[in-house]
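Encoded as structure tokens, the structure appears first; notes follow it.
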Amino acid sequence: MAVATVFLVAVSGAVSGSAAAAGTTTVRDASALSAPPTYRAEFVSTAATGLAMNDAGAVAGTSYVDNGCGPFCLPPLETVVWRGGLRIVLPAVPGFSSITALSINTQGWVAGFAGVIGLPTHAVVWKPTGATYQAIDLGALPGTTRSTATGIDNSGRVVGWSTTANFPPNGSPFMWTESAGMVDLSAQGFPDETPLAISPGGAVATQFTWYRLEDPTSVVTMPTAPAGYVVGGEATAINDTGDQARFLISTGTANLRYLFRFHHDGTWQRISSSGIKNTPYGMGSINAARDITATVIGVGVIAYGPTGLAQSLADRLSPAYPDRDITRAGPINGAGQILARVMVGRSVRLMRLAPVGACGAYCMRVSAIQMSGKFVQDPKDPGHCTVNGKAYNRVTVTATVTNSAGVKLSGVLLSGRFLDDYWTSRPVSGRTNNGGVVSFVNEGLCGVGAVAFLVESVKSGPRGFDRSVGVLTSWVIPQT
């Protein structure tokens, strides 16, 4: 799939306080400013989706709990935060059957909503209290009955939309703080539009404007879209200076969506040549350097700032991860980590991608992983895998650790985990023998598809662990 164009089209015009007229079409140089980084993958969860991540690497999203039922049941889907090595289930909100987490700030506060879109909903903030969370129902503005939160900034300010249930609905944008509660932004002079995104410092994007919270004089009208496109209420991201990532809609009969970078000086830049119709897509974020992460036609992409084009994130993944498929790219945080769904074995896993630094000479690597898997049959029901049967899978993994010169290392502590195509995530650890080899065995449910192994860490005194070479994942389908 092509995700990059060979030139950039910009439409310029003044944008200070009023709509900008479309200017002259220009062509920008698309050459790279510097070599992009290579990424390693840090495991967050299996059978999970991440929706937000803060600078500390805490992630908000959903995941299925492993209750040991494998392919024979569907476990509960829980809304959770992964923080400091813990998986914390967010508390429900009384009166609502479900909750959704959409944003998490530096302090770990989470914003989202309770209920189902199209039915009564309330914006919610989950406030961290030690290793748990307290749910705060934000209610709705006076005269309205429903609300949803767009996001929360690092000062704890939540923006969203509060509306009536009647048709046509009558709504207003709001800002909520713990000290002042929910206030009507339109009554303070801000646009009467739904907030689409909020930056860490409180810059807010709507369909036709952007502004800074608590400063009604900061409202800037978005310039006209480039010829052949319109600005819609599509998924959007904004940074503190007003640079944005948006999906613009083509005016042709197909009405395709294309990924654009908006520079706060008033110019638009198309950064992907892939038009989206009925395929998965989504917004990640735009950071201070104007790096953009997004999902385009089921592929996680990154466009490095200030003017770089979209490229597949999988192409930037360390070759030590041989499956090399990233199906979704979420936000990039201040530490350069990118929340993503990465293929390990035959299934995607929720991961943080982190830049790989140079390891130097005094390093270790996993030079080889060998796996074998056997389907152990039930003697009373051979050839079948049933709920109450005695058949199971037995999978063995053998990993070899060497130094950068290929010398096998003993006494090295290797930690990893077994993953199947369902809910299993079993961590293991052990030390290499005199031949530099460590082995693990996993006996688990049958009928779970491929069983994968992911190396997470290798430790031995002051030696570094080089994740840019070698092999860090493998998988096998157990056979009779």
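Ligands are numbered from 1 in the order shown, residues from 1 within each chain, and chains are lettered A, B, ... in the order they appear in the structure tokens.
The residue set within 9 Å of Val116 in chain A, counting only C-alpha atoms and dropping same-chain residues fewer than 5 places from it, reads Phe96, Ser97, Ser98, Ile99, Thr100 and Thr121 of chain A.
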Take the residues from that selection and write them out as an mmCIF file, in the first residue's frame, keeping all heavy atoms.
```
data_model
loop_
_atom_site.group_PDB
_atom_site.id
_atom_site.type_symbol
_atom_site.label_atom_id
_atom_site.label_comp_id
_atom_site.auth_asym_id
_atom_site.auth_seq_id
_atom_site.Cartn_x
_atom_site.Cartn_y
_atom_site.Cartn_z
ATOM 1 N N PHE A 96 -25.270 3.743 34.418
ATOM 2 C CA PHE A 96 -24.823 3.523 33.038
ATOM 3 C C PHE A 96 -24.254 2.120 32.913
ATOM 4 O O PHE A 96 -23.590 1.620 33.816
ATOM 5 C CB PHE A 96 -23.785 4.552 32.625
ATOM 6 C CG PHE A 96 -24.312 5.964 32.583
ATOM 7 C CD1 PHE A 96 -24.202 6.790 33.693
ATOM 8 C CD2 PHE A 96 -24.924 6.451 31.443
ATOM 9 C CE1 PHE A 96 -24.687 8.081 33.668
ATOM 10 C CE2 PHE A 96 -25.411 7.746 31.398
ATOM 11 C CZ PHE A 96 -25.303 8.569 32.514
ATOM 12 N N SER A 97 -24.495 1.508 31.749
ATOM 13 C CA SER A 97 -24.108 0.111 31.553
ATOM 14 C C SER A 97 -22.683 -0.055 31.059
ATOM 15 O O SER A 97 -22.144 -1.172 31.083
ATOM 16 C CB SER A 97 -25.067 -0.557 30.561
ATOM 17 O OG SER A 97 -25.015 0.108 29.295
ATOM 18 N N SER A 98 -22.046 1.025 30.567
ATOM 19 C CA SER A 98 -20.699 0.897 30.023
ATOM 20 C C SER A 98 -19.944 2.203 30.202
ATOM 21 O O SER A 98 -20.534 3.260 30.460
ATOM 22 C CB SER A 98 -20.744 0.530 28.533
ATOM 23 O OG SER A 98 -21.337 1.578 27.789
ATOM 24 N N ILE A 99 -18.624 2.119 30.062
ATOM 25 C CA ILE A 99 -17.771 3.302 30.136
ATOM 26 C C ILE A 99 -16.733 3.244 29.024
ATOM 27 O O ILE A 99 -16.366 2.166 28.555
ATOM 28 C CB ILE A 99 -17.056 3.423 31.508
ATOM 29 C CG1 ILE A 99 -16.245 2.149 31.810
ATOM 30 C CG2 ILE A 99 -18.041 3.731 32.618
ATOM 31 C CD1 ILE A 99 -15.399 2.246 33.075
ATOM 32 N N THR A 100 -16.269 4.413 28.578
ATOM 33 C CA THR A 100 -15.262 4.526 27.530
ATOM 34 C C THR A 100 -14.221 5.549 27.955
ATOM 35 O O THR A 100 -14.573 6.673 28.332
ATOM 36 C CB THR A 100 -15.892 4.960 26.199
ATOM 37 O OG1 THR A 100 -16.880 4.003 25.812
ATOM 38 C CG2 THR A 100 -14.839 5.068 25.101
ATOM 39 N N THR A 121 -25.710 9.690 27.645
ATOM 40 C CA THR A 121 -24.312 9.577 28.065
ATOM 41 C C THR A 121 -23.968 10.731 28.989
ATOM 42 O O THR A 121 -24.580 11.799 28.923
ATOM 43 C CB THR A 121 -23.359 9.608 26.856
ATOM 44 O OG1 THR A 121 -23.558 10.829 26.130
ATOM 45 C CG2 THR A 121 -23.574 8.428 25.932
#
```
Residues within 9 Å of Gly143 in chain A, please, as a PDB file with all heavy atoms, in the first residue's frame. Count only C-alpha atoms; anything in the same chain fewer than 3 positions from it doesn't count.
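Everything below was put into out-v1.pdb:
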```pdb
ATOM      1  N   ALA A 140     -24.218  17.265  32.996  1.00  0.00           N
ATOM      2  CA  ALA A 140     -24.457  18.000  31.755  1.00  0.00           C
ATOM      3  C   ALA A 140     -24.701  19.465  32.077  1.00  0.00           C
ATOM      4  O   ALA A 140     -25.011  19.828  33.220  1.00  0.00           O
ATOM      5  CB  ALA A 140     -25.645  17.415  31.004  1.00  0.00           C
ATOM      6  N   THR A 163     -25.551  18.339  25.316  1.00  0.00           N
ATOM      7  CA  THR A 163     -26.649  18.567  24.391  1.00  0.00           C
ATOM      8  C   THR A 163     -27.954  17.997  24.918  1.00  0.00           C
ATOM      9  O   THR A 163     -27.981  17.247  25.908  1.00  0.00           O
ATOM     10  CB  THR A 163     -26.325  17.933  23.016  1.00  0.00           C
ATOM     11  OG1 THR A 163     -27.334  18.264  22.073  1.00  0.00           O
ATOM     12  CG2 THR A 163     -26.231  16.416  23.131  1.00  0.00           C
ATOM     13  N   THR A 164     -29.040  18.332  24.220  1.00  0.00           N
ATOM     14  CA  THR A 164     -30.346  17.783  24.528  1.00  0.00           C
ATOM     15  C   THR A 164     -30.568  16.513  23.725  1.00  0.00           C
ATOM     16  O   THR A 164     -29.845  16.223  22.774  1.00  0.00           O
ATOM     17  CB  THR A 164     -31.455  18.793  24.195  1.00  0.00           C
ATOM     18  OG1 THR A 164     -31.368  19.121  22.798  1.00  0.00           O
ATOM     19  CG2 THR A 164     -31.300  20.064  25.019  1.00  0.00           C
ATOM     20  N   ASN A 170     -29.954  20.616  20.820  1.00  0.00           N
ATOM     21  CA  ASN A 170     -29.477  21.947  21.185  1.00  0.00           C
ATOM     22  C   ASN A 170     -28.326  21.778  22.166  1.00  0.00           C
ATOM     23  O   ASN A 170     -28.544  21.377  23.317  1.00  0.00           O
ATOM     24  CB  ASN A 170     -30.607  22.765  21.803  1.00  0.00           C
ATOM     25  CG  ASN A 170     -30.173  24.175  22.156  1.00  0.00           C
ATOM     26  OD1 ASN A 170     -29.194  24.683  21.605  1.00  0.00           O
ATOM     27  ND2 ASN A 170     -30.885  24.800  23.075  1.00  0.00           N
ATOM     28  N   GLY A 171     -27.100  22.036  21.694  1.00  0.00           N
ATOM     29  CA  GLY A 171     -25.943  21.761  22.532  1.00  0.00           C
ATOM     30  C   GLY A 171     -24.958  22.897  22.604  1.00  0.00           C
ATOM     31  O   GLY A 171     -25.066  23.889  21.882  1.00  0.00           O
TER      32      GLY A 171
END
```
Can you work out which one of A:Thr46, A:Ala237, A:Trp82, A:Ala254 has the shortest atom-to-atom distance to Val65 in chain A, counting only C-alpha atoms? A:Thr46
Can you list, as JSON, numbers by chain, every protein, DNA or RNA residue that comes within 7 Å of Thr293 in chain A when you count only C-alpha atoms, leaving out same-chain residues fewer than 6 positions away? {"A": [283, 284, 285, 286, 301, 302, 303, 329, 330, 331, 332]}
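In this structure, CA of Gly449 in chain A sits 8.8 Å away from CA of Val476 in chain A.
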DSSP-assigned strand (DSSP E) members of range 220-389 of chain A, reported as number ranges by chain: A: 220-221, 229-230, 236-238, 244-250, 257-263, 267-270, 282-286, 292-296, 299-303, 310-312, 326-332, 338-344, 347-355, 363-376
Can you tell me, as a compact mmCIF listing (two decimals) with C-alpha atoms, in the first residue's frame, which residues in range 24-192 of chain A count as helix (DSSP H, G or I) by DSSP?
```
# COMPACT_ATOMS: atom_id res chain seq x y z
CA GLY A 70 -9.35 -19.99 25.81
CA PRO A 71 -11.46 -20.37 22.65
CA PHE A 72 -14.45 -21.74 24.54
CA SER A 186 -19.86 29.43 24.11
CA ALA A 187 -21.13 31.68 26.90
CA GLN A 188 -17.50 32.77 27.41
```
I want to know what sits within 10 Å of Ser199 in chain A, based on only C-alpha atoms, with residues of the same chain fewer than 3 positions away left out; could you give that as a ChimeraX atom specification? /A:105,151-154,202-205,212,237-244,285-288
Give me, please, the distance in Å between CA of Phe190 in chain A and CA of Leu102 in chain A, quoted to one decimal. 22.9 Å
So that I can check the surroundings of Thr79 in chain A, please list as a list in words every protein, DNA and RNA residue that reaches within 8 Å of it, counting only C-alpha atoms and ignoring chain neighbours fewer than 4 positions away. Ala60, Gly61, Thr62, Ser63, Val89, Leu90, Ile99, Thr100 and Ala101 of chain A
Give me the residues within 7 Å of Pro128 in chain A as a compact mmCIF listing (two decimals) with N, CA and C atoms, in the first residue's frame, counting only C-alpha atoms and dropping any in the same chain fewer than 3 places off.
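Here's the written file around.txt:
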```
# COMPACT_ATOMS: atom_id res chain seq x y z
N GLY A 108 -2.12 11.31 35.08
CA GLY A 108 -2.83 10.04 35.09
C GLY A 108 -4.34 10.17 35.16
N TRP A 109 -4.88 11.41 35.10
CA TRP A 109 -6.32 11.60 35.08
C TRP A 109 -6.84 11.15 33.72
N THR A 132 -5.76 2.90 42.54
CA THR A 132 -7.10 2.77 42.02
C THR A 132 -7.54 4.10 41.41
N TYR A 133 -8.80 4.16 41.01
CA TYR A 133 -9.37 5.37 40.43
C TYR A 133 -10.73 5.66 41.03
N GLN A 134 -11.06 6.95 41.09
CA GLN A 134 -12.39 7.39 41.50
C GLN A 134 -13.10 7.98 40.29
```
Determine, counting only C-alpha atoms, which protein, DNA and RNA residues have an atom within 8 Å of an atom of Val451 in chain A; residues of the same chain fewer than 6 positions away are not included. Present the result as a list in words.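 So the residues in contact are Gly345, Val395, Phe418, Leu419, Asp420, Asp421, Trp475, Val476, Ile477 and Pro478 of chain A.
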For Ala165 in chain A, which residue among A:Leu119, A:Ala391, A:Val124, A:Met53 is the nearest when counting only C-alpha atoms?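 Of A:Leu119, A:Ala391, A:Val124, A:Met53, the one nearest Ala165 in chain A is A:Leu119, counting only C-alpha atoms.
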